[in-house]
Protein chains: 4
Amino acid sequence: MTATTVGIIGCGYWGPNLLRNFAENETAELRWICDADQSRLAAMGRRYPSAQTTTDYQKLLADPKLDAVAVATPVATHFLIGKQALQAGKHLLVEKPLTATAREAEELNELAARNQRTLMVDHTFVYTGAVRKMKEIVRSGELGQLLYFDSVRINLGLFQPDINVLWDLAPHDLSIMDYMIERQPQAVSAIGSCHIEPGIENIAYLMMLFADDFIAHFHFNWLAPVKIRRTMIAGSSKMILYDDIEPTEKVRVYDKGVTTNRTGDREADYQRLVSYRTGDVWAPKLDSTEALHHVVAEFLDSIRTVRRPLTDGEAGLRVVRLLEAAQQSIKNGGQAVQIAPTP
Amino acid sequence: MTATTVGIIGCGYWGPNLLRNFAENETAELRWICDADQSRLAAMGRRYPSAQTTTDYQKLLADPKLDAVAVATPVATHFLIGKQALQAGKHLLVEKPLTATAREAEELNELAARNQRTLMVDHTFVYTGAVRKMKEIVRSGELGQLLYFDSVRINLGLFQPDINVLWDLAPHDLSIMDYMIERQPQAVSAIGSCHIEPGIENIAYLMMLFADDFIAHFHFNWLAPVKIRRTMIAGSSKMILYDDIEPTEKVRVYDKGVTTNRTGDREADYQRLVSYRTGDVWAPKLDSTEALHHVVAEFLDSIRTVRRPLTDGEAGLRVVRLLEAAQQSIKNGGQAVQIAPTP
Amino acid sequence: MTATTVGIIGCGYWGPNLLRNFAENETAELRWICDADQSRLAAMGRRYPSAQTTTDYQKLLADPKLDAVAVATPVATHFLIGKQALQAGKHLLVEKPLTATAREAEELNELAARNQRTLMVDHTFVYTGAVRKMKEIVRSGELGQLLYFDSVRINLGLFQPDINVLWDLAPHDLSIMDYMIERQPQAVSAIGSCHIEPGIENIAYLMMLFADDFIAHFHFNWLAPVKIRRTMIAGSSKMILYDDIEPTEKVRVYDKGVTTNRTGDREADYQRLVSYRTGDVWAPKLDSTEALHHVVAEFLDSIRTVRRPLTDGEAGLRVVRLLEAAQQSIKNGGQAVQIAPTP
Amino acid sequence: MTATTVGIIGCGYWGPNLLRNFAENETAELRWICDADQSRLAAMGRRYPSAQTTTDYQKLLADPKLDAVAVATPVATHFLIGKQALQAGKHLLVEKPLTATAREAEELNELAARNQRTLMVDHTFVYTGAVRKMKEIVRSGELGQLLYFDSVRINLGLFQPDINVLWDLAPHDLSIMDYMIERQPQAVSAIGSCHIEPGIENIAYLMMLFADDFIAHFHFNWLAPVKIRRTMIAGSSKMILYDDIEPTEKVRVYDKGVTTNRTGDREADYQRLVSYRTGDVWAPKLDSTEALHHVVAEFLDSIRTVRRPLTDGEAGLRVVRLLEAAQQSIKNGGQAVQIAPTP
């Protein structure tokens, strides 16, 4: 088997992790490292001496021996670099969020389809042991009918100069929900506020309504006194609590719920008992492999086997659509924004 | 000093607590106990043998020697009983929420003003040691400029047959916020869902926008795997975390925040550092007196000294207005509902 | 079926709970209430008007129609009252600890045997849902070989005027261990200190050695900044964590352990790997019935069916023996005290 | 100022941290790296190319330009290497525990004194922000009279092939206590058990009695279902809870205690009230600098300024004495071992 040749564009916060995981994967050959910052580039070059380094990503795109590109640059640049990479015939892995607008994401998807290239977004959390275990549980049906998805991701966080709390944190939880429930909301309402930097929201709340009575809600906050990373996925039979702060027992399944004894007789139903069901709690053992290991493996395998990756460009598009709608709702003071059904 | 004579109407869940606290207050004389349920009434009568019992609250209103009435009946009946009590010249304490509609609350306020009677709503949480201590801290100004109010009140809760999770739980947090920040929002958006009983929301999220960049948010849930009762009040200098589940350290004050060093020079400001400030955490000792003891004392003292009580009918009205707006937003799929400024 | 007639001696802290549970049990008839304090006695008499009241427990013993007596007086008096009750032919339930000395406990056991009366000690914790569930797990063998028992019971506690922290708190944990592992230690070492009241230890640590490498340890403390009630029962395959402060998930079973791969070859064994096994965590649903309900039912059933109760006089004796040994070790500066094997 | 030249002997688990901190300290020059393992040595050599590497520590001792040596080898070798280093005129920093026996520690101390070299033990925890803040609080006297020291350090831990849980974990807590209270116990009792490896205790409990009613207790465990790192230091006025698992609020000061109102009248005293005092809780901000940074700085500064370091050889000796006594008590089934007063 010939190794897939890979180039990494962007060696800031996340890039070094991509480098390390591509370097460790036996089916990949790290061929190019690219960053605009000379000294950072040099440092990475020393770490992976067999790869070529450049500050100009066009060099990568021009290399006919390069199969694939992973882009970990600021969001605003994802579209242009990604577009050129696909046009140059490279397979493409892009950091989350896929692009800065839904229109851009659509164009990347079209281009990848036309050129028959893999387009994948790095929705890292989807590849964690916790999320994969939860997906397994949801898929098994043991939760019963899904009722709601509630996510809180807050702390005294790193302020970004070019992005707000929504575009920074929401891709995590939106991609988890997208993967977990495989449904799209009908409407999104959101509010946010800029307490520190004018024009850059540091707190945001998102509400989502669906076609039936399933609802979803998200709280993102860079200015909270405590760190919370907690998601609840409630079903009519069981509920999941996912606490990412917990060192080991991150996922708990509660055999809890409410049972109504409906008789059909209206008068009797008015008097009927709503009874509580509380049962065992179960914290499954989780695979602790680094998520990015699986991200890189999925990208490479999808290229080799010519199949869509788990978090493909469409998944990236769906998340960007929700981000756009939420941002628009925030601008409009919380007015609900309708989401067009995906074809 | 002559004791104020008091009658209690409604001995269901909360009434016995009112009975006990009025009975223990030396400035009150428990004169009447009223409940529609004969056996419950008899049990209360045995416990407080010096009080008269009746299933007909008109008997209380007709008693010229009765000064005040405390109403702990279902919400739907608050208005009618309260109106008749005020018309009969009685001082009036009503369980939260004050009434089922803002219009009703306004009418009670008008009636109380016209008849020069005390009208008080039992916003119990306002009288807890935790909330009074937080108010003291907020009032001192040490939090800096207030930025947001965030409250979560969820658990596997008691379903009410006649009321949804909003009207059941929100009065607690809305009355706390009303007392704490002394401001009214401009708009309320809310979503909710009825997973168990058609027409009775068991989960609801409320968002509130204010005239400036202060925002507020609330999560109420009867169908959650874990019990959470947590409020964050963030200021530009310090933040409060109020965790009502904690047995003793319910209130924590975090000397945490973000500082920006603005120069005024646009270019420099773009590059300026946002720096984190983390400092001591402080959990003040809290008065552990039962809140209802203070509620009853406040009611009696406001009658004696002919002054407005802390949680007067206007406070009750403000909370009911927010509940109404939230309910309307839920019905309209999360569309924001404007709140008219109070005169 | 004729109801068993019961008299309660001692209505202080615990007596009222006994009264309530005997009154609610359909196979018992509450015939006598006895307390030295007139006003407390009168209050209990009003609550249970069909029972006779007296300040003189000899009246109960002299009543030929009284079948059984429950004693909830100070520890120092257990022996004398219990002895006279057994001599008068009454069945006997005694608060923990059974007596103030092992010699006294032995005498009660002999007397009960001779007179063919039920002698039971109220080791309440043994009857909780948590402890019964743990016993079920231990009995099933799924923990593997038992390795250690570790218990911590500390808080800023109620100082007793006549008893130290050992005699106050240790009966709980010693009776739990006695029930759970059904073994007796060979030696007990203990230290303690009197920081508040001369001669009354407010902190004590107990260590126990057994015939094999199983060990047990206990920490009791009335002067701790936080409240902890936590027991670990470790086995070679699984471990139990019992946290009595947790509102619902009090018992957790950890599928955790250490595996050694022994080869028998000394050199290889020196190099062999000790590998960790971490697996699921499971919090079983627990029966939340009040433990004292089961205590009372067990006492009454053991009388009716003429069988030994679960926590019989021998269990009471075993706990008192350990208390005595620990107290002696404390006096001797932590010198180990040997425990004679029970015949 | 001339930099102090330093050589590191042992690059296993802890050595690389020493290397990094010496490399980053501007007053030190990393001159030698030594490890018996060729490949590990090569890796370290690539990381610090300006230092010389060797598998033979005698090369370091023979280098007249080398001022100081830091030893991070297995405990059994500390004495021999340390002795030769001091004899060669090198200043010496040794990993905890200082030596495998008290006799060895005494000899190193004598040798350092005779040769006028700095002898320091790396009691790392003493240099953490948490412990230094606690020392500041204890020194201020605000705790009142010290009553007890209680430490628990347990988890599912790394089994060591050549050392038991006592020698692995106890140096942390014993050195913290030594620094904090500056007193030596009169007697030590300990029990332990070997559940996994014959002859290697994986669980141990230590009790210490002092000249007055102060007591200390320690629990070390490699085979626990959960990770706990918690120390209580109780005083008559306030108490400290140090929870090293907490990410930020590691140290809490509780304004809690017990007050007795003694009258001197024996009869009245028997009835006197013991009253509880509960007050604020305070979590001071802690310096989060890596402890080893301070260790290295202290070592270098004590050499330059020719003074005793904070954790000098005597501190190392005191800890080893307690370890030896505890080990002896374990062997004797928990019999108390007397500690000779230090001169």
# chains A, B, ... in the order shown; residues from 1 in each chain; ligands from 1

call {"tool": "interface_residues", "arguments": {"of": "chain B", "to": "chain D", "cutoff": "8 Å", "atoms": "only C-alpha atoms", "output": "ChimeraX atom specification"}}
result
/B:249,278-285

call {"tool": "write_last_selection", "arguments": {"atoms": "N, CA, C and O atoms", "output": "PDB file, in the first residue's frame"}}
result
ATOM      1  N   GLU B 249     -22.138  26.000  51.692  1.00  0.00           N
ATOM      2  CA  GLU B 249     -21.486  27.063  50.910  1.00  0.00           C
ATOM      3  C   GLU B 249     -22.305  27.373  49.655  1.00  0.00           C
ATOM      4  O   GLU B 249     -21.846  27.186  48.534  1.00  0.00           O
ATOM      5  N   THR B 278      -7.733  36.303  37.979  1.00  0.00           N
ATOM      6  CA  THR B 278      -8.347  35.336  38.875  1.00  0.00           C
ATOM      7  C   THR B 278      -7.809  35.600  40.258  1.00  0.00           C
ATOM      8  O   THR B 278      -6.628  35.870  40.428  1.00  0.00           O
ATOM      9  N   GLY B 279      -8.702  35.552  41.227  1.00  0.00           N
ATOM     10  CA  GLY B 279      -8.272  35.866  42.587  1.00  0.00           C
ATOM     11  C   GLY B 279      -8.919  34.939  43.588  1.00  0.00           C
ATOM     12  O   GLY B 279      -9.223  33.794  43.276  1.00  0.00           O
ATOM     13  N   ASP B 280      -9.133  35.452  44.779  1.00  0.00           N
ATOM     14  CA  ASP B 280      -9.701  34.647  45.849  1.00  0.00           C
ATOM     15  C   ASP B 280     -11.148  34.260  45.550  1.00  0.00           C
ATOM     16  O   ASP B 280     -11.835  34.903  44.754  1.00  0.00           O
ATOM     17  N   VAL B 281     -11.569  33.199  46.190  1.00  0.00           N
ATOM     18  CA  VAL B 281     -12.980  32.834  46.196  1.00  0.00           C
ATOM     19  C   VAL B 281     -13.430  32.910  47.647  1.00  0.00           C
ATOM     20  O   VAL B 281     -12.695  32.528  48.547  1.00  0.00           O
ATOM     21  N   TRP B 282     -14.640  33.399  47.835  1.00  0.00           N
ATOM     22  CA  TRP B 282     -15.112  33.648  49.196  1.00  0.00           C
ATOM     23  C   TRP B 282     -16.539  33.147  49.319  1.00  0.00           C
ATOM     24  O   TRP B 282     -17.391  33.472  48.473  1.00  0.00           O
ATOM     25  N   ALA B 283     -16.773  32.318  50.342  1.00  0.00           N
ATOM     26  CA  ALA B 283     -18.126  31.808  50.578  1.00  0.00           C
ATOM     27  C   ALA B 283     -18.605  32.364  51.909  1.00  0.00           C
ATOM     28  O   ALA B 283     -18.229  31.871  52.967  1.00  0.00           O
ATOM     29  N   PRO B 284     -19.402  33.422  51.859  1.00  0.00           N
ATOM     30  CA  PRO B 284     -19.811  34.051  53.111  1.00  0.00           C
ATOM     31  C   PRO B 284     -20.737  33.169  53.931  1.00  0.00           C
ATOM     32  O   PRO B 284     -21.489  32.365  53.382  1.00  0.00           O
ATOM     33  N   LYS B 285     -20.670  33.309  55.223  1.00  0.00           N
ATOM     34  CA  LYS B 285     -21.608  32.632  56.113  1.00  0.00           C
ATOM     35  C   LYS B 285     -23.012  33.181  55.851  1.00  0.00           C
ATOM     36  O   LYS B 285     -23.189  34.379  55.655  1.00  0.00           O
TER      37      LYS B 285
END

call {"tool": "select_by_dssp", "arguments": {"residues": "segment 135-240 of chain B", "states": "alpha helix (DSSP H)", "output": "list in words"}}
result
Lys135, Glu136, Ile137, Val138, Arg139, Ser140, Val165, Leu166, Trp167, Asp168, Leu169, Ala170, Pro171, His172, Asp173, Leu174, Ser175, Ile176, Met177, Asp178, Tyr179, Met180 and Ile181 of chain B

call {"tool": "write_last_selection", "arguments": {"atoms": "N, CA, C and O atoms", "output": "PDB file, in the first residue's frame"}}
result
ATOM      1  N   LYS B 135     -27.801  40.018  47.647  1.00  0.00           N
ATOM      2  CA  LYS B 135     -28.304  41.381  47.423  1.00  0.00           C
ATOM      3  C   LYS B 135     -27.349  42.394  48.076  1.00  0.00           C
ATOM      4  O   LYS B 135     -27.051  43.444  47.497  1.00  0.00           O
ATOM      5  N   GLU B 136     -26.908  42.066  49.269  1.00  0.00           N
ATOM      6  CA  GLU B 136     -25.967  42.928  50.005  1.00  0.00           C
ATOM      7  C   GLU B 136     -24.688  43.135  49.172  1.00  0.00           C
ATOM      8  O   GLU B 136     -24.166  44.243  49.088  1.00  0.00           O
ATOM      9  N   ILE B 137     -24.225  42.054  48.570  1.00  0.00           N
ATOM     10  CA  ILE B 137     -22.998  42.125  47.761  1.00  0.00           C
ATOM     11  C   ILE B 137     -23.232  42.942  46.495  1.00  0.00           C
ATOM     12  O   ILE B 137     -22.435  43.811  46.149  1.00  0.00           O
ATOM     13  N   VAL B 138     -24.352  42.684  45.826  1.00  0.00           N
ATOM     14  CA  VAL B 138     -24.666  43.439  44.607  1.00  0.00           C
ATOM     15  C   VAL B 138     -24.806  44.925  44.944  1.00  0.00           C
ATOM     16  O   VAL B 138     -24.264  45.790  44.268  1.00  0.00           O
ATOM     17  N   ARG B 139     -25.529  45.201  46.025  1.00  0.00           N
ATOM     18  CA  ARG B 139     -25.771  46.591  46.413  1.00  0.00           C
ATOM     19  C   ARG B 139     -24.461  47.322  46.737  1.00  0.00           C
ATOM     20  O   ARG B 139     -24.335  48.525  46.486  1.00  0.00           O
ATOM     21  N   SER B 140     -23.500  46.598  47.281  1.00  0.00           N
ATOM     22  CA  SER B 140     -22.229  47.228  47.662  1.00  0.00           C
ATOM     23  C   SER B 140     -21.442  47.697  46.444  1.00  0.00           C
ATOM     24  O   SER B 140     -20.500  48.473  46.557  1.00  0.00           O
ATOM     25  N   VAL B 165     -44.233  23.879  33.895  1.00  0.00           N
ATOM     26  CA  VAL B 165     -42.964  24.056  34.595  1.00  0.00           C
ATOM     27  C   VAL B 165     -42.611  25.533  34.722  1.00  0.00           C
ATOM     28  O   VAL B 165     -41.956  25.950  35.685  1.00  0.00           O
ATOM     29  N   LEU B 166     -43.075  26.334  33.784  1.00  0.00           N
ATOM     30  CA  LEU B 166     -42.798  27.771  33.812  1.00  0.00           C
ATOM     31  C   LEU B 166     -43.461  28.433  35.013  1.00  0.00           C
ATOM     32  O   LEU B 166     -42.803  29.094  35.811  1.00  0.00           O
ATOM     33  N   TRP B 167     -44.762  28.215  35.150  1.00  0.00           N
ATOM     34  CA  TRP B 167     -45.495  28.854  36.254  1.00  0.00           C
ATOM     35  C   TRP B 167     -45.140  28.216  37.592  1.00  0.00           C
ATOM     36  O   TRP B 167     -45.309  28.821  38.648  1.00  0.00           O
ATOM     37  N   ASP B 168     -44.624  26.992  37.561  1.00  0.00           N
ATOM     38  CA  ASP B 168     -44.254  26.305  38.796  1.00  0.00           C
ATOM     39  C   ASP B 168     -42.896  26.778  39.315  1.00  0.00           C
ATOM     40  O   ASP B 168     -42.756  27.126  40.491  1.00  0.00           O
ATOM     41  N   LEU B 169     -41.892  26.801  38.440  1.00  0.00           N
ATOM     42  CA  LEU B 169     -40.522  27.068  38.908  1.00  0.00           C
ATOM     43  C   LEU B 169     -40.050  28.494  38.656  1.00  0.00           C
ATOM     44  O   LEU B 169     -39.269  29.042  39.439  1.00  0.00           O
ATOM     45  N   ALA B 170     -40.484  29.118  37.547  1.00  0.00           N
ATOM     46  CA  ALA B 170     -39.933  30.421  37.181  1.00  0.00           C
ATOM     47  C   ALA B 170     -40.185  31.515  38.227  1.00  0.00           C
ATOM     48  O   ALA B 170     -39.333  32.401  38.392  1.00  0.00           O
ATOM     49  N   PRO B 171     -41.320  31.504  38.943  1.00  0.00           N
ATOM     50  CA  PRO B 171     -41.492  32.575  39.935  1.00  0.00           C
ATOM     51  C   PRO B 171     -40.317  32.685  40.913  1.00  0.00           C
ATOM     52  O   PRO B 171     -39.952  33.782  41.323  1.00  0.00           O
ATOM     53  N   HIS B 172     -39.701  31.538  41.253  1.00  0.00           N
ATOM     54  CA  HIS B 172     -38.540  31.587  42.155  1.00  0.00           C
ATOM     55  C   HIS B 172     -37.431  32.454  41.552  1.00  0.00           C
ATOM     56  O   HIS B 172     -36.980  33.424  42.157  1.00  0.00           O
ATOM     57  N   ASP B 173     -37.006  32.116  40.360  1.00  0.00           N
ATOM     58  CA  ASP B 173     -35.828  32.781  39.790  1.00  0.00           C
ATOM     59  C   ASP B 173     -36.144  34.184  39.291  1.00  0.00           C
ATOM     60  O   ASP B 173     -35.299  35.082  39.374  1.00  0.00           O
ATOM     61  N   LEU B 174     -37.358  34.370  38.771  1.00  0.00           N
ATOM     62  CA  LEU B 174     -37.717  35.717  38.311  1.00  0.00           C
ATOM     63  C   LEU B 174     -37.827  36.671  39.494  1.00  0.00           C
ATOM     64  O   LEU B 174     -37.427  37.829  39.393  1.00  0.00           O
ATOM     65  N   SER B 175     -38.327  36.174  40.622  1.00  0.00           N
ATOM     66  CA  SER B 175     -38.424  37.066  41.785  1.00  0.00           C
ATOM     67  C   SER B 175     -37.043  37.347  42.362  1.00  0.00           C
ATOM     68  O   SER B 175     -36.767  38.449  42.838  1.00  0.00           O
ATOM     69  N   ILE B 176     -36.146  36.355  42.286  1.00  0.00           N
ATOM     70  CA  ILE B 176     -34.769  36.593  42.750  1.00  0.00           C
ATOM     71  C   ILE B 176     -34.107  37.658  41.870  1.00  0.00           C
ATOM     72  O   ILE B 176     -33.510  38.614  42.363  1.00  0.00           O
ATOM     73  N   MET B 177     -34.252  37.510  40.552  1.00  0.00           N
ATOM     74  CA  MET B 177     -33.639  38.485  39.651  1.00  0.00           C
ATOM     75  C   MET B 177     -34.247  39.875  39.858  1.00  0.00           C
ATOM     76  O   MET B 177     -33.538  40.865  39.922  1.00  0.00           O
ATOM     77  N   ASP B 178     -35.569  39.928  39.980  1.00  0.00           N
ATOM     78  CA  ASP B 178     -36.260  41.211  40.172  1.00  0.00           C
ATOM     79  C   ASP B 178     -35.704  41.936  41.396  1.00  0.00           C
ATOM     80  O   ASP B 178     -35.438  43.136  41.367  1.00  0.00           O
ATOM     81  N   TYR B 179     -35.513  41.182  42.459  1.00  0.00           N
ATOM     82  CA  TYR B 179     -35.017  41.758  43.713  1.00  0.00           C
ATOM     83  C   TYR B 179     -33.555  42.164  43.577  1.00  0.00           C
ATOM     84  O   TYR B 179     -33.125  43.206  44.068  1.00  0.00           O
ATOM     85  N   MET B 180     -32.791  41.335  42.875  1.00  0.00           N
ATOM     86  CA  MET B 180     -31.346  41.493  42.838  1.00  0.00           C
ATOM     87  C   MET B 180     -30.913  42.645  41.938  1.00  0.00           C
ATOM     88  O   MET B 180     -30.034  43.427  42.292  1.00  0.00           O
ATOM     89  N   ILE B 181     -31.514  42.747  40.759  1.00  0.00           N
ATOM     90  CA  ILE B 181     -30.994  43.736  39.798  1.00  0.00           C
ATOM     91  C   ILE B 181     -31.906  44.948  39.651  1.00  0.00           C
ATOM     92  O   ILE B 181     -31.493  45.959  39.091  1.00  0.00           O
TER      93      ILE B 181
END

call {"tool": "residues_around", "arguments": {"residues": "Asn155 of chain B", "least_positions_apart": "4", "cutoff": "10 Å", "atoms": "only C-alpha atoms", "output": "list in words"}}
result
Phe220, Asn221, Trp222, Leu223, Ala224, Pro225, Val226, Lys227, Ile228 and Arg229 of chain B

call {"tool": "write_last_selection", "arguments": {"atoms": "all heavy atoms", "output": "compact mmCIF listing (two decimals), in the first residue's frame"}}
result
# COMPACT_ATOMS: atom_id res chain seq x y z
N PHE B 220 -35.72 25.92 32.96
CA PHE B 220 -36.59 25.22 33.90
C PHE B 220 -36.92 23.85 33.31
O PHE B 220 -37.21 23.74 32.12
CB PHE B 220 -37.88 26.01 34.13
CG PHE B 220 -37.61 27.41 34.61
CD1 PHE B 220 -37.87 28.50 33.79
CD2 PHE B 220 -37.07 27.62 35.87
CE1 PHE B 220 -37.60 29.79 34.23
CE2 PHE B 220 -36.80 28.92 36.31
CZ PHE B 220 -37.06 30.00 35.49
N ASN B 221 -36.91 22.82 34.15
CA ASN B 221 -37.02 21.47 33.61
C ASN B 221 -37.50 20.52 34.70
O ASN B 221 -36.90 20.42 35.76
CB ASN B 221 -35.62 21.04 33.09
CG ASN B 221 -35.66 19.83 32.19
OD1 ASN B 221 -36.58 19.01 32.27
ND2 ASN B 221 -34.66 19.71 31.34
N TRP B 222 -38.60 19.82 34.42
CA TRP B 222 -39.13 18.80 35.34
C TRP B 222 -38.63 17.40 34.95
O TRP B 222 -39.03 16.42 35.57
CB TRP B 222 -40.66 18.74 35.23
CG TRP B 222 -41.42 19.70 36.05
CD1 TRP B 222 -41.01 20.39 37.15
CD2 TRP B 222 -42.80 20.07 35.84
NE1 TRP B 222 -42.03 21.18 37.62
CE2 TRP B 222 -43.15 21.00 36.84
CE3 TRP B 222 -43.76 19.72 34.89
CZ2 TRP B 222 -44.41 21.57 36.92
CZ3 TRP B 222 -45.02 20.28 34.98
CH2 TRP B 222 -45.35 21.20 35.99
N LEU B 223 -37.87 17.32 33.89
CA LEU B 223 -37.54 16.00 33.35
C LEU B 223 -36.03 15.92 33.08
O LEU B 223 -35.59 15.66 31.96
CB LEU B 223 -38.33 15.79 32.05
CG LEU B 223 -38.48 14.36 31.53
CD1 LEU B 223 -39.12 13.45 32.55
CD2 LEU B 223 -39.32 14.36 30.24
N ALA B 224 -35.25 16.15 34.13
CA ALA B 224 -33.80 16.15 33.99
C ALA B 224 -33.21 15.01 34.83
O ALA B 224 -33.76 14.67 35.88
CB ALA B 224 -33.22 17.48 34.45
N PRO B 225 -32.10 14.42 34.38
CA PRO B 225 -31.54 13.28 35.13
C PRO B 225 -30.94 13.67 36.47
O PRO B 225 -30.82 12.84 37.35
CB PRO B 225 -30.46 12.74 34.19
CG PRO B 225 -30.11 13.87 33.30
CD PRO B 225 -31.36 14.68 33.13
N VAL B 226 -30.55 14.92 36.61
CA VAL B 226 -29.93 15.37 37.86
C VAL B 226 -30.59 16.65 38.34
O VAL B 226 -31.24 17.35 37.59
CB VAL B 226 -28.41 15.63 37.66
CG1 VAL B 226 -27.64 14.33 37.55
CG2 VAL B 226 -28.16 16.52 36.45
N LYS B 227 -30.39 16.92 39.61
CA LYS B 227 -30.98 18.10 40.22
C LYS B 227 -29.95 19.23 40.21
O LYS B 227 -28.87 19.08 40.78
CB LYS B 227 -31.39 17.76 41.67
CG LYS B 227 -32.11 18.88 42.39
CD LYS B 227 -32.59 18.41 43.76
CE LYS B 227 -33.32 19.52 44.50
NZ LYS B 227 -33.86 19.05 45.79
N ILE B 228 -30.29 20.33 39.61
CA ILE B 228 -29.41 21.50 39.59
C ILE B 228 -30.24 22.72 39.96
O ILE B 228 -31.34 22.91 39.45
CB ILE B 228 -28.75 21.69 38.20
CG1 ILE B 228 -27.93 20.45 37.80
CG2 ILE B 228 -27.87 22.93 38.17
CD1 ILE B 228 -27.32 20.54 36.41
N ARG B 229 -29.71 23.51 40.86
CA ARG B 229 -30.32 24.79 41.25
C ARG B 229 -29.17 25.78 41.32
O ARG B 229 -28.55 25.94 42.37
CB ARG B 229 -30.92 24.71 42.66
CG ARG B 229 -31.96 23.63 42.88
CD ARG B 229 -33.34 24.25 42.89
NE ARG B 229 -34.38 23.27 43.12
CZ ARG B 229 -34.85 22.47 42.17
NH1 ARG B 229 -34.34 22.50 40.95
NH2 ARG B 229 -35.84 21.65 42.44

call {"tool": "residues_around", "arguments": {"residues": "Leu317 of chain A", "least_positions_apart": "5", "cutoff": "10 Å", "atoms": "only C-alpha atoms", "output": "MDAnalysis selection string"}}
result
chainID A and resid 97:99 101:109 121 312 322:323

call {"tool": "closest_residue", "arguments": {"among": "C:Gly334, C:Gly316, C:Pro64, C:Gly144", "to": "Ile233 of chain C", "atoms": "only C-alpha atoms"}}
result
C:Gly144

call {"tool": "atom_distance", "arguments": {"atom1": "atom CA of Val152 of chain C", "atom2": "atom CA of Ile240 of chain C"}}
result
14.1 Å

call {"tool": "select_by_dssp", "arguments": {"residues": "segment 87-132 of chain C", "states": "strand (DSSP E)", "output": "PyMOL selection string"}}
result
chain C and resi 91-95+119-122

call {"tool": "residues_around", "arguments": {"residues": "Arg307 of chain A", "least_positions_apart": "5", "cutoff": "10 Å", "atoms": "only C-alpha atoms", "output": "PDB file with C-alpha atoms, in the first residue's frame"}}
result
ATOM      1  CA  ARG A 117     -12.229  14.503  -3.890  1.00  0.00           C
ATOM      2  CA  THR A 118     -12.775  13.734  -0.197  1.00  0.00           C
ATOM      3  CA  PHE A 299      -9.710  10.982   6.578  1.00  0.00           C
ATOM      4  CA  ASP A 301      -9.321   5.666   5.033  1.00  0.00           C
ATOM      5  CA  SER A 302     -12.061   7.584   3.247  1.00  0.00           C
ATOM      6  CA  ASP A 312     -18.115  15.018   5.523  1.00  0.00           C
TER       7      ASP A 312
END

call {"tool": "residues_around", "arguments": {"residues": "segment 17-25 of chain D", "least_positions_apart": "2", "cutoff": "10 Å", "atoms": "only C-alpha atoms", "output": "number ranges by chain"}}
result
D: 3, 5-15, 27-33, 44, 47-48, 51, 70-72, 95, 290-297, 300

call {"tool": "residues_around", "arguments": {"residues": "Gly129 of chain A", "least_positions_apart": "3", "cutoff": "7 Å", "atoms": "only C-alpha atoms", "output": "JSON, numbers by chain"}}
result
{"A": [132, 133, 286, 287, 288]}
